[in-house]
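Enquirer: Just dropping this structure here.
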Amino acid sequence: MSNPSRGHAALAGITAAAVAIGVAEPVAVLTGPRSAPLIAVGGLVVDLVPEPLKRFGIALFGTSDKIALLVGTAVLLAAFAALVGVLAARRLAIGLAGIAAFAALGAAAALTRAGADAFDALPSLVGAGLGGLTLWLLLAGPLSPELWAWSPPSARDLDEKHSEADPDGRRRFLRGVGALAGTAAVAGVGGHWLAGRRGVSAARQAIVLPTPSAPAPAVPAGADLSLARLARYVTPNSGFYRIDTALVVPQVDPATWRLRIHGRVRNPIELSFADLLARPMVERYVTLACVSNEVGGDLIGNARWLGVPIREVLDEADPEEGADQVVGRSVDGWTCGTPTAVLRDGRDALLAIGMNGEPLPVEHGFPVRMVVPGLYGYVSACKWVTELELTSFADFDAYWVPRGWAAQGPIKTQSRIDTPRPRNRLTAGPVMVAGVAWAQHRGVQQVEVRVDGGPWQDATLAPAVSLDTWVQWSWRWDAGPGEHTLQVRATDADGATQPEESRPVAPDGATGWHTVRVTVA
Ligand SMILES: Nc1nc2c(c(=O)[nH]1)N[C@H]1C(S)=C(S)[C@@H](COP(=O)(O)O)O[C@H]1N2
Ligand SMILES: [Mo]
């Protein structure tokens, strides 16, 4: 900004916004982190942005998409705040109106989040009040360069005559900006930290998982080929992919958690966490997969889940005829729709509380989530689940359905080459080609590999715990010098081979053969 006093005005606007956002944080300690304006508006954006844009964001930023969203929101906010400052220097009322518009947006965003009450508007309102005060202090009040205080002149007047002429006022103004920005930072960081301390990690650590009455089968020897770069057969919790719409991870206290099984049932049920713990638990390996996984992608993981069979709970609730959909609802309002028949057909669909021998990690749905073998996560794997509502597919569309994804989401047979990696440079001679393949609940019958479009060769399948997990495969390649293309395809136990046709992830999962190009020297 070439023009110093317009720069001052912009700085005043940005400082006012920083104060508003910063002081909202300690208020949000009382009302919950999702009511803080930046997070609330970000959450609204997540729910409202058109699907192709969101996919572009995910493709661009990967798993940092949420951070990118918040940084983007903050940059936009700063630009708007600078403009508000410049307008406020001409007429304070216009600036205050700009702040009021912000407050309305923040409050509206907070109030429309699932489970919100009137108090959720508070962080935005308190923030906006103090932001408005800041604007006044810096542009018209005691912290403004002296002349500004007497009469609010036009910015042009300021530029030409006064700002250079009042070094004391300028210094006072800049000191004020520094103090207010510092206060905003302390309030923001401190409030955020306090909100974090109110999280549930202590409650999680206090949980002692019950011994399963039906333990998981042992992982057969040789299930994990233990090759460098090949995904482990069991994915550690720390490396398990995470996909959800939550900008702040819901903190659900197991002491107050409830699961309601209701809707079109003859016998509605409500369970506490203690009720759940008192039931017989089963433990099963199940490979979870995301519908947004590209061919060759890593939005898939295999874990040992401990939980209560959903089937048993549904049997007790006694669904009415025609209630063909079970809607899993998270505390944050997210929903998924699972076919009732799938949940009752005998597969190990679980209300899971444990993951690889630990209580569920908070970001993976603590204290309770759904896990359903054979279905993509978006139609089955509700984290932080608090309701199972019996309805029909005709009567209710779950979260992703109106956003262009299929209501039914059985996992498609897929296979992936983990080693060698694309563009690896290899030495001629024997090369171990290996990867994973999956066709949950049907099972993988065969994996084949081909080089440069040549004949398909049978890979060796490692043993797996069950049809509900992925399987590792390997194939010894006698690599000759040159550029080569490796491809893989799997056939499920029903004899259906992965189609070659490359289709995008939407609406119901990608198809095509994973293809890796390497150089052999
Ligand atoms: N509450 C909630 N549960 C959710 C989601 C979500 O956005 N919110 N995303 C689903 C999707 S799309 C997938 S693929 C799985 C991912 O589970 P994970 O993050 O534990 O790997 O969670 C499912 N459960
Ligand atoms: Mo997903």
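In the structure tokens, chains take letters A, B, ... by order of appearance, with residues numbered from 1 within each chain and ligands from 1 in the order shown.
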Env of range 250-261 of chain A: 9 Å cut, atoms = only C-alpha atoms, seq-sep filter 5 positions within chain, self excluded. Answer as an NGL selection string.

Expert: :A and (34 or 198-201 or 203-204 or 267-274 or 313-314 or 317 or 331-332 or 362-363 or 365-368 or 384-390)

Enquirer: Neighbours of ligand 2 at 9 Å or closer, counting only C-alpha atoms and all ligand atoms: which residues, as a list in words?

Expert: Arg242, Ile243, Asp244, Ala289, Cys290, Val291, Ser292, Asn293, Leu299, Tyr376, Gly377, Tyr378, Val379 and Ala381 of chain A

Enquirer: Using only C-alpha atoms and all ligand atoms, find the one residue out of A:Arg450, A:His192, A:Lys383, A:Arg423 that sits nearest to ligand 1.

Expert: A:Lys383

Enquirer: Between A:Ala110, A:Glu500, A:Asp478, A:Gly429, which has the minimum distance to Val451 in chain A (counting only C-alpha atoms)?

Expert: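 Closest to Val451 in chain A of all the choices is A:Asp478.
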